[in-house]
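Enquirer: So here's data_5.txt (compact mmCIF, C-alpha atoms and all ligand atoms).
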# COMPACT_ATOMS: atom_id res chain seq x y z
CA MET K 1 35.48 -22.53 48.89
CA ALA K 2 34.03 -19.11 49.54
CA MET K 3 37.42 -17.41 49.56
CA VAL K 4 38.32 -18.71 46.13
CA SER K 5 35.14 -17.37 44.55
CA GLU K 6 35.99 -13.95 45.93
CA PHE K 7 39.29 -14.34 44.18
CA LEU K 8 37.72 -14.76 40.78
CA GLY K 9 38.08 -11.94 38.35
CA GLN K 10 41.09 -9.84 37.57
CA LEU K 11 42.49 -6.80 39.28
CA CYS K 12 45.24 -4.53 38.12
CA LEU K 13 48.31 -3.60 40.08
CA ASN K 14 50.72 -0.77 39.46
CA VAL K 15 53.96 -2.63 39.14
CA GLY K 16 57.15 -2.10 37.22
CA THR K 17 59.96 -4.54 36.60
CA ASN K 18 62.37 -2.55 38.75
CA GLU K 19 61.73 -1.77 42.39
CA PRO K 20 61.49 1.96 43.15
CA LYS K 21 64.65 3.43 44.65
CA HIS K 22 64.85 5.22 47.99
CA PRO K 23 68.51 6.24 48.29
CA THR K 24 70.02 8.54 50.90
CA VAL K 25 73.04 9.18 48.67
CA VAL K 26 71.99 11.10 45.57
CA PRO K 27 74.02 12.93 42.89
CA ALA K 28 75.61 16.14 44.17
CA THR K 29 74.53 19.17 42.17
CA ASP K 30 77.23 21.60 40.94
CA PHE K 31 79.56 18.65 40.92
CA ASN K 32 83.15 19.30 39.89
CA PRO K 33 85.40 16.23 40.07
CA ASP K 34 88.60 18.33 39.73
CA THR K 35 87.72 20.50 42.75
CA ASP K 36 86.84 17.39 44.80
CA ALA K 37 90.03 15.62 43.71
CA ALA K 38 92.14 18.64 44.72
CA ARG K 39 90.47 18.81 48.16
CA ILE K 40 91.00 15.08 48.67
CA GLU K 41 94.64 15.34 47.59
CA THR K 42 95.20 18.07 50.20
CA ALA K 43 93.33 16.04 52.84
CA ILE K 44 95.48 12.96 52.17
CA LYS K 45 98.70 15.04 52.30
CA THR K 46 97.72 16.73 55.57
CA LYS K 47 99.76 15.48 58.50
CA GLY K 48 97.65 12.91 60.33
CA VAL K 49 95.16 12.97 57.40
CA ASP K 50 92.10 15.22 57.27
CA GLU K 51 89.48 12.46 57.56
CA GLN K 52 86.62 14.94 57.92
CA THR K 53 87.11 16.35 54.40
CA ILE K 54 87.36 12.85 52.88
CA ILE K 55 84.14 11.84 54.67
CA ASP K 56 82.33 15.08 53.77
CA ILE K 57 83.09 14.68 50.07
CA LEU K 58 82.78 10.93 49.51
CA THR K 59 79.54 10.39 51.47
CA LYS K 60 77.83 13.18 49.52
CA ARG K 61 78.67 11.86 46.05
CA THR K 62 77.24 8.86 44.24
CA TYR K 63 79.44 5.98 43.10
CA SER K 64 79.47 7.33 39.58
CA GLN K 65 80.66 10.73 40.87
CA ARG K 66 83.27 9.10 43.11
CA ARG K 67 84.60 7.30 40.05
CA ASP K 68 84.96 10.64 38.25
CA ILE K 69 86.79 11.99 41.30
CA ALA K 70 89.12 8.96 41.21
CA PHE K 71 89.97 9.67 37.54
CA ALA K 72 90.57 13.37 38.27
CA TYR K 73 92.71 12.46 41.30
CA GLU K 74 94.83 10.05 39.29
CA ARG K 75 95.40 12.69 36.59
CA ARG K 76 96.63 15.29 39.08
CA ALA K 77 98.35 13.17 41.76
CA LYS K 78 99.70 10.49 39.37
CA LYS K 79 98.53 7.95 41.92
CA ASP K 80 95.58 5.63 42.28
CA LEU K 81 92.99 7.10 44.68
CA ILE K 82 91.97 3.76 46.18
CA SER K 83 95.61 2.86 47.01
CA ALA K 84 96.15 6.33 48.47
CA LEU K 85 93.05 6.01 50.70
CA LYS K 86 94.07 2.48 51.74
CA GLY K 87 97.47 3.81 52.75
CA GLU K 88 96.10 6.61 54.92
CA LEU K 89 92.90 5.23 56.47
CA SER K 90 92.41 2.30 58.80
CA GLY K 91 89.83 0.20 60.64
CA SER K 92 86.10 0.67 60.22
CA LEU K 93 86.45 4.03 58.44
CA GLU K 94 88.71 2.43 55.84
CA ALA K 95 86.22 -0.40 55.29
CA VAL K 96 83.39 2.08 54.62
CA ILE K 97 85.41 4.40 52.35
CA LEU K 98 86.83 1.51 50.29
CA GLY K 99 83.31 0.09 50.04
CA LEU K 100 82.14 3.44 48.64
CA MET K 101 84.76 3.20 45.90
CA LYS K 102 82.89 0.16 44.54
CA SER K 103 79.55 0.17 42.73
CA THR K 104 76.64 -1.44 44.60
CA SER K 105 76.95 -4.66 42.58
CA GLN K 106 80.75 -4.73 42.88
CA TYR K 107 80.38 -4.30 46.63
CA ASP K 108 77.78 -7.07 46.86
CA ALA K 109 79.94 -9.38 44.71
CA SER K 110 82.91 -8.65 47.01
CA LEU K 111 80.80 -9.42 50.09
CA ILE K 112 79.91 -12.83 48.64
CA ARG K 113 83.50 -13.51 47.58
CA GLY K 114 84.72 -12.55 51.06
CA SER K 115 82.20 -14.87 52.68
CA ILE K 116 83.34 -17.96 50.76
CA LYS K 117 87.01 -17.58 49.91
CA GLY K 118 89.58 -19.12 52.17
CA ALA K 119 88.86 -21.70 54.84
CA GLY K 120 85.31 -21.90 56.16
CA THR K 121 82.24 -19.94 55.13
CA ASP K 122 80.63 -16.82 56.58
CA GLU K 123 77.06 -18.12 56.17
CA GLU K 124 75.53 -15.07 57.79
CA THR K 125 76.83 -12.72 55.07
CA LEU K 126 76.17 -15.21 52.29
CA ILE K 127 72.56 -15.72 53.37
CA GLU K 128 71.90 -12.02 53.87
CA VAL K 129 73.20 -11.02 50.45
CA LEU K 130 71.76 -13.87 48.35
CA CYS K 131 68.36 -13.98 50.08
CA SER K 132 67.73 -10.23 50.25
CA ARG K 133 68.77 -9.03 46.79
CA SER K 134 66.21 -8.70 44.02
CA ASN K 135 66.40 -10.79 40.87
CA GLU K 136 67.71 -7.76 38.93
CA GLU K 137 70.37 -7.13 41.56
CA LEU K 138 71.43 -10.79 41.46
CA VAL K 139 71.72 -10.69 37.66
CA ASP K 140 74.16 -7.74 37.99
CA ILE K 141 76.03 -9.35 40.87
CA LYS K 142 76.62 -12.54 38.83
CA LYS K 143 78.00 -10.55 35.91
CA VAL K 144 80.24 -8.37 38.08
CA TYR K 145 81.41 -11.40 40.10
CA LYS K 146 82.71 -13.00 36.91
CA GLU K 147 84.43 -9.75 35.83
CA LEU K 148 86.08 -9.14 39.20
CA PHE K 149 87.07 -12.65 40.24
CA LYS K 150 87.14 -14.58 36.92
CA LYS K 151 84.92 -17.19 38.54
CA ASP K 152 81.31 -18.26 38.27
CA LEU K 153 79.18 -17.31 41.26
CA ASP K 154 77.13 -20.53 41.08
CA LYS K 155 80.24 -22.73 41.08
CA ASP K 156 81.73 -20.84 44.01
CA VAL K 157 78.48 -21.07 46.01
CA ALA K 158 78.15 -24.80 45.19
CA GLY K 159 81.75 -25.37 46.30
CA ASP K 160 81.13 -23.90 49.74
CA THR K 161 77.66 -25.15 50.67
CA SER K 162 75.83 -28.47 50.65
CA GLY K 163 72.45 -30.20 50.77
CA ASN K 164 69.19 -28.29 50.56
CA PHE K 165 70.91 -25.09 51.72
CA ALA K 166 73.08 -25.25 48.58
CA LYS K 167 70.04 -26.05 46.42
CA LEU K 168 68.15 -23.00 47.69
CA LEU K 169 71.08 -20.59 47.22
CA LEU K 170 71.78 -21.99 43.74
CA ALA K 171 68.12 -21.64 42.76
CA LEU K 172 68.33 -17.94 43.76
CA VAL K 173 71.59 -17.48 41.84
CA GLU K 174 69.91 -18.95 38.74
CA THR K 175 67.74 -15.79 38.82
CA ASN K 176 64.60 -17.44 37.47
CA ARG K 177 62.22 -15.26 39.46
CA ALA K 178 59.25 -14.10 37.38
CA ALA K 179 58.84 -10.36 36.90
CA PRO K 180 55.74 -8.87 38.56
CA ILE K 181 52.80 -8.70 36.18
CA ALA K 182 49.85 -6.33 36.21
CA VAL K 183 47.27 -9.10 36.42
CA ILE K 184 46.73 -11.03 39.65
CA ASP K 185 46.34 -14.76 39.06
CA TYR K 186 44.20 -15.90 41.99
CA ASP K 187 44.14 -19.54 40.85
CA LYS K 188 47.92 -19.65 40.83
CA ILE K 189 48.05 -17.94 44.25
CA ASP K 190 45.73 -20.57 45.69
CA GLN K 191 47.62 -23.39 44.00
CA ASP K 192 51.00 -22.21 45.35
CA ALA K 193 49.63 -21.64 48.86
CA ARG K 194 48.21 -25.15 48.92
CA ALA K 195 51.44 -26.62 47.46
CA LEU K 196 53.52 -24.93 50.19
CA TYR K 197 51.20 -26.39 52.82
CA GLU K 198 51.10 -29.86 51.28
CA ALA K 199 54.91 -29.90 50.96
CA GLY K 200 55.44 -28.95 54.60
CA VAL K 201 53.05 -28.68 57.50
CA LYS K 202 50.59 -31.23 56.07
CA ILE K 203 53.08 -34.08 55.68
CA LYS K 204 55.63 -35.89 57.76
CA GLY K 205 58.98 -34.39 56.78
CA THR K 206 59.27 -31.60 54.21
CA ASP K 207 59.34 -31.59 50.44
CA VAL K 208 62.03 -28.88 50.34
CA PRO K 209 62.43 -28.81 46.51
CA THR K 210 58.79 -27.68 46.19
CA TRP K 211 59.36 -24.86 48.67
CA ILE K 212 62.55 -23.87 46.86
CA SER K 213 60.94 -23.75 43.43
CA ILE K 214 57.97 -21.64 44.58
CA MET K 215 60.11 -19.24 46.58
CA SER K 216 62.79 -18.82 43.91
CA GLU K 217 60.62 -18.63 40.79
CA ARG K 218 57.54 -16.57 41.70
CA SER K 219 57.39 -12.78 41.68
CA VAL K 220 57.46 -10.94 45.00
CA PRO K 221 53.93 -9.45 44.77
CA HIS K 222 52.61 -12.92 43.92
CA LEU K 223 54.38 -14.48 46.93
CA GLN K 224 53.01 -11.78 49.27
CA LYS K 225 49.52 -12.93 48.30
CA VAL K 226 50.50 -16.60 48.48
CA PHE K 227 51.59 -16.16 52.12
CA GLN K 228 48.28 -14.48 52.96
CA ARG K 229 46.37 -17.30 51.29
CA TYR K 230 48.64 -19.87 52.97
CA LYS K 231 47.07 -18.98 56.33
CA SER K 232 43.74 -20.36 55.14
CA TYR K 233 45.36 -23.80 54.72
CA SER K 234 47.88 -23.92 57.55
CA PRO K 235 47.40 -23.23 61.26
CA TYR K 236 50.88 -21.67 61.20
CA ASP K 237 51.90 -18.70 59.06
CA MET K 238 54.78 -19.12 56.61
CA GLN K 239 57.50 -17.99 59.01
CA GLU K 240 56.21 -20.27 61.79
CA SER K 241 56.00 -23.15 59.32
CA ILE K 242 59.62 -22.62 58.24
CA ALA K 243 60.72 -22.61 61.88
CA LYS K 244 58.88 -25.91 62.46
CA GLU K 245 59.84 -27.71 59.27
CA VAL K 246 63.51 -26.99 58.57
CA LYS K 247 66.65 -26.22 60.55
CA GLY K 248 70.02 -24.49 60.47
CA ASP K 249 71.19 -22.42 57.51
CA LEU K 250 68.27 -23.61 55.37
CA GLN K 251 65.82 -22.28 57.96
CA LYS K 252 67.72 -18.98 58.26
CA SER K 253 67.71 -18.58 54.47
CA PHE K 254 63.98 -19.24 54.06
CA LEU K 255 63.24 -16.83 56.91
CA VAL K 256 65.31 -14.03 55.35
CA LEU K 257 63.60 -14.64 52.01
CA VAL K 258 60.11 -14.46 53.49
CA GLU K 259 60.94 -11.41 55.63
CA CYS K 260 62.30 -9.64 52.55
CA PHE K 261 59.29 -10.60 50.40
CA GLU K 262 57.06 -9.07 53.04
CA ASN K 263 59.08 -5.91 53.80
CA LYS K 264 62.73 -5.84 52.82
CA GLN K 265 63.46 -2.45 54.37
CA LEU K 266 61.98 -3.56 57.69
CA TYR K 267 64.23 -6.64 57.55
CA PHE K 268 67.32 -4.43 57.16
CA ALA K 269 66.08 -2.07 59.87
CA LYS K 270 65.76 -4.99 62.31
CA ARG K 271 69.21 -6.32 61.37
CA LEU K 272 70.71 -2.87 61.95
CA ASN K 273 68.95 -2.50 65.28
CA GLU K 274 70.15 -5.92 66.53
CA ALA K 275 73.70 -5.21 65.38
CA MET K 276 73.80 -1.68 66.82
CA LYS K 277 72.60 -2.83 70.22
CA SER K 278 74.71 -5.99 70.43
CA LYS K 279 77.65 -6.06 72.80
CA GLY K 280 79.96 -7.68 70.29
CA ALA K 281 81.55 -6.29 67.13
CA LYS K 282 78.81 -4.56 65.19
CA GLU K 283 80.83 -2.79 62.51
CA LYS K 284 80.82 -5.61 59.98
CA ILE K 285 77.02 -5.89 59.74
CA VAL K 286 76.37 -2.16 60.04
CA THR K 287 78.94 -1.29 57.37
CA ARG K 288 77.63 -4.00 55.06
CA ILE K 289 74.03 -2.82 55.22
CA ILE K 290 74.64 0.92 55.11
CA VAL K 291 77.22 0.84 52.30
CA SER K 292 75.28 -1.65 50.16
CA ARG K 293 71.91 0.10 50.53
CA CYS K 294 72.81 3.83 50.54
CA GLU K 295 72.15 4.18 46.81
CA VAL K 296 69.25 1.69 46.84
CA ASP K 297 66.77 1.98 49.72
CA LEU K 298 68.51 3.32 52.85
CA LYS K 299 66.02 6.19 53.09
CA LYS K 300 63.16 3.72 53.44
CA ILE K 301 65.22 1.57 55.82
CA CYS K 302 65.62 4.72 58.00
CA SER K 303 61.87 5.28 58.07
CA GLU K 304 61.14 1.61 58.86
CA TYR K 305 63.78 1.85 61.59
CA LYS K 306 62.07 4.84 63.17
CA THR K 307 58.60 3.25 62.93
CA SER K 308 59.68 -0.12 64.33
CA THR K 309 62.01 1.02 67.13
CA GLY K 310 60.59 4.46 67.96
CA GLU K 311 64.04 5.98 67.56
CA SER K 312 65.86 7.24 64.48
CA LEU K 313 68.77 5.28 63.00
CA GLN K 314 70.83 8.49 63.18
CA LYS K 315 70.21 8.76 66.96
CA THR K 316 71.14 5.09 67.44
CA ILE K 317 74.36 5.63 65.46
CA LEU K 318 75.19 8.60 67.74
CA GLU K 319 74.66 6.46 70.82
CA HIS K 320 76.35 3.26 69.70
CA THR K 321 79.33 4.26 67.52
CA LYS K 322 82.07 6.85 67.78
CA GLY K 323 84.72 8.92 66.02
CA ASP K 324 85.23 8.94 62.27
CA TYR K 325 83.17 5.76 61.87
CA GLN K 326 80.20 7.54 63.39
CA LYS K 327 80.76 10.55 61.10
CA VAL K 328 80.92 8.44 57.95
CA LEU K 329 77.75 6.50 58.85
CA LEU K 330 75.85 9.70 59.61
CA GLY K 331 77.12 11.18 56.33
CA LEU K 332 75.69 8.21 54.41
CA CYS K 333 72.35 8.21 56.28
CA GLY K 334 71.83 11.94 55.78
CA PRO K 335 69.65 14.08 58.05
CA GLU K 336 66.65 12.63 59.89
CA GLN K 337 63.51 12.95 57.82
CA CA K 401 56.18 -31.49 57.73
Please go through the file and, once you have read it, give me the structure as structure tokens.

Expert:
Amino acid sequence: MAMVSEFLGQLCLNVGTNEPKHPTVVPATDFNPDTDAARIETAIKTKGVDEQTIIDILTKRTYSQRRDIAFAYERRAKKDLISALKGELSGSLEAVILGLMKSTSQYDASLIRGSIKGAGTDEETLIEVLCSRSNEELVDIKKVYKELFKKDLDKDVAGDTSGNFAKLLLALVETNRAAPIAVIDYDKIDQDARALYEAGVKIKGTDVPTWISIMSERSVPHLQKVFQRYKSYSPYDMQESIAKEVKGDLQKSFLVLVECFENKQLYFAKRLNEAMKSKGAKEKIVTRIIVSRCEVDLKKICSEYKTSTGESLQKTILEHTKGDYQKVLLGLCGPEQ
């Protein structure tokens, strides 16, 4: 095979174990938690509540700074800040502000817990969180999940899902994904591409466990090359193959995984765009993405949004939301770049 010979030899990539961050919410300079706590105390005491001040302060501080503000508030007001905010805020604004009082991994763990506790399962949230988070993020989420809920994430996921869908989610929760390495292994890329083809499009039925192990254990840069190589075996690209081979929640999960391997921020940008422009309730999805990504990669999501839709996320928020909810979202997104 001509292509394989071109693949021989080794190239170096600039990769680290952690993905680079592109947050919109960054540490405030000249930060004084006591001043912020005093302003928030006054805002909470104001008749009708001064939401603007609460939004202005909390969207321009990182989680770690908000936690310092909460300590300072408790010292002066002799009350817990989260309970005080819960008592005074409501609706979508409350959901965002309370989300901001959690760390990114606490918020993600709470999203998962919320999607599985009680009767029924919110598969959409469960799939989005488990299939889009990096291995490092999932390691933190598992640890925080146990601390917050005194339960094991894998057991909870297994209790609420079944079949191959459960197997895929559990494989992701096992966090066995290899870290990116500086050397590209072209033999392994070719082997995995062929294995994906031979487990799916080539045969009658689908060998789902093979797909699951490749997609849950290989590094993201490796998989990006596998999907390129895959096209030399299969007449359908990986996403088309998934759509043909599997159905339901399993299909949705594989599609989110592949979209995120290829361009995670574009995936979130598309989700935000669909949600923003839908006629139904959009707040749940929009809040979830903006709160969970504001200290991770929201800046890059904003630029993918602009490139893919031709309009800025900030402009879409202005057109499709209103009131304090609009203000808090714009605060978290920051100015257009
Ligand atoms: Ca097949």

Enquirer: So that I can see what lies close to Val258 (chain K), please list as a VMD selection string the residues with an atom at most 10 Å from it, counting only C-alpha atoms and leaving out residues fewer than 6 positions away in the same chain.

Expert: chain K and resid 131 to 132 215 220 223 to 224 227 238 to 239 242 264 267

Enquirer: Measure the distance from CA of His222 (chain K) to CA of Lys155 (chain K) in Å and round it to one decimal.

Expert: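 So the answer is 29.5 Å.
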
Enquirer: What is the distance between CA of Ile214 (chain K) and CA of Asp192 (chain K), in Å to one decimal?

Expert: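 One can read the CA of Ile214 (chain K) to CA of Asp192 (chain K) distance as 7.0 Å.
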
Enquirer: Report, in Å with one decimal, the straight-line distance from CA of Ile141 (chain K) to CA of Glu94 (chain K).

Expert: 22.9 Å

Enquirer: Closest to Lys47 (chain K) among K:Ile127, K:Glu88, K:Ala166, K:Ile212, using all atoms listed in the file?

Expert: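 When distances to Lys47 (chain K) are compared using all atoms listed in the file, the smallest one comes from K:Glu88.
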
Enquirer: Dump as a Markdown table the rows for residues of chain K within 7 Å of ligand CA 401 (chain K): closest atom pair and distance in Å with one decimal, only C-alpha atoms and all ligand atoms counted, ordered by chain and rising residue number.

Expert:
| residue | atom | partner | partner_atom | distance |
| --- | --- | --- | --- | --- |
| K:Gly200 | CA | K:CA401 | CA | 4.1 |
| K:Val201 | CA | K:CA401 | CA | 4.2 |
| K:Lys202 | CA | K:CA401 | CA | 5.8 |
| K:Ile203 | CA | K:CA401 | CA | 4.5 |
| K:Lys204 | CA | K:CA401 | CA | 4.4 |
| K:Gly205 | CA | K:CA401 | CA | 4.1 |
| K:Thr206 | CA | K:CA401 | CA | 4.7 |
| K:Glu245 | CA | K:CA401 | CA | 5.5 |

Enquirer: Which one of K:Ser92, K:Thr287, K:Thr46, K:Thr59 sits closest to Lys322 (chain K) if you count only C-alpha atoms?

Expert: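 When distances to Lys322 (chain K) are compared using only C-alpha atoms, the smallest one comes from K:Ser92.
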
Enquirer: From the options K:Asp156, K:Asp190, K:Ser83, K:Arg75, which residue's atoms come nearest to Ile112 (chain K), counting all atoms listed in the file?

Expert: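 Counting all atoms listed in the file, the residue closest to Ile112 (chain K) is K:Asp156.
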
Enquirer: In the coordinates of the file, take the point (87.9, 16.9, 54.8) and a cut-off of 9 Å; then, counting all atoms listed in the file, name each qualifying protein, DNA or RNA residue as a PyMOL selection string.

Expert: chain K and resi 39-40+42-44+49-57

Enquirer: Using only C-alpha atoms, which of the listed residues (K:Thr316, K:Ser241, K:Gln251, K:Thr125) sits closest to Leu272 (chain K)?

Expert: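 Looking only at the distances to Leu272 (chain K), the closest residue turns out to be K:Thr316.
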
Enquirer: Return as JSON the centre and edge lengths, in Å with one decimal, of the box along x, y and z that encloses every atom of region 259-265 of chain K in the file, padded by 6 Å per side.

Expert:
{"center_x": 60.3, "center_y": -6.9, "center_z": 53.0, "size_x": 18.4, "size_y": 21.0, "size_z": 17.2}

Enquirer: List every protein, DNA or RNA residue with an atom no more than 12 Å from (84.7, 1.0, 54.2) in the file's coordinates, counting all atoms listed in the file, and format the result as a ChimeraX atom specification.

Expert: /K:55,58-59,82,85-86,89-102,107,111,283-292,324-325,328-329,332

Enquirer: Would you write out those residues with C-alpha atoms, as a compact mmCIF listing (two decimals), in the coordinates of the input?

Expert:
# COMPACT_ATOMS: atom_id res chain seq x y z
CA ILE K 55 84.14 11.84 54.67
CA LEU K 58 82.78 10.93 49.51
CA THR K 59 79.54 10.39 51.47
CA ILE K 82 91.97 3.76 46.18
CA LEU K 85 93.05 6.01 50.70
CA LYS K 86 94.07 2.48 51.74
CA LEU K 89 92.90 5.23 56.47
CA SER K 90 92.41 2.30 58.80
CA GLY K 91 89.83 0.20 60.64
CA SER K 92 86.10 0.67 60.22
CA LEU K 93 86.45 4.03 58.44
CA GLU K 94 88.71 2.43 55.84
CA ALA K 95 86.22 -0.40 55.29
CA VAL K 96 83.39 2.08 54.62
CA ILE K 97 85.41 4.40 52.35
CA LEU K 98 86.83 1.51 50.29
CA GLY K 99 83.31 0.09 50.04
CA LEU K 100 82.14 3.44 48.64
CA MET K 101 84.76 3.20 45.90
CA LYS K 102 82.89 0.16 44.54
CA TYR K 107 80.38 -4.30 46.63
CA LEU K 111 80.80 -9.42 50.09
CA GLU K 283 80.83 -2.79 62.51
CA LYS K 284 80.82 -5.61 59.98
CA ILE K 285 77.02 -5.89 59.74
CA VAL K 286 76.37 -2.16 60.04
CA THR K 287 78.94 -1.29 57.37
CA ARG K 288 77.63 -4.00 55.06
CA ILE K 289 74.03 -2.82 55.22
CA ILE K 290 74.64 0.92 55.11
CA VAL K 291 77.22 0.84 52.30
CA SER K 292 75.28 -1.65 50.16
CA ASP K 324 85.23 8.94 62.27
CA TYR K 325 83.17 5.76 61.87
CA VAL K 328 80.92 8.44 57.95
CA LEU K 329 77.75 6.50 58.85
CA LEU K 332 75.69 8.21 54.41

Enquirer: Have a look at K:Leu168, K:Ala109, K:Ala193, K:Val129 and name the one nearest to Leu148 (chain K); count only C-alpha atoms.

Expert: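 Of the candidates, the smallest distance to Leu148 (chain K) is held by K:Ala109.
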
Enquirer: Rank nothing, just name the residue among K:Val208, K:Tyr236, K:Ser219, K:Ser253 nearest to Leu130 (chain K), using all atoms listed in the file.

Expert: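 Result for the nearest residue to Leu130 (chain K): K:Ser253.
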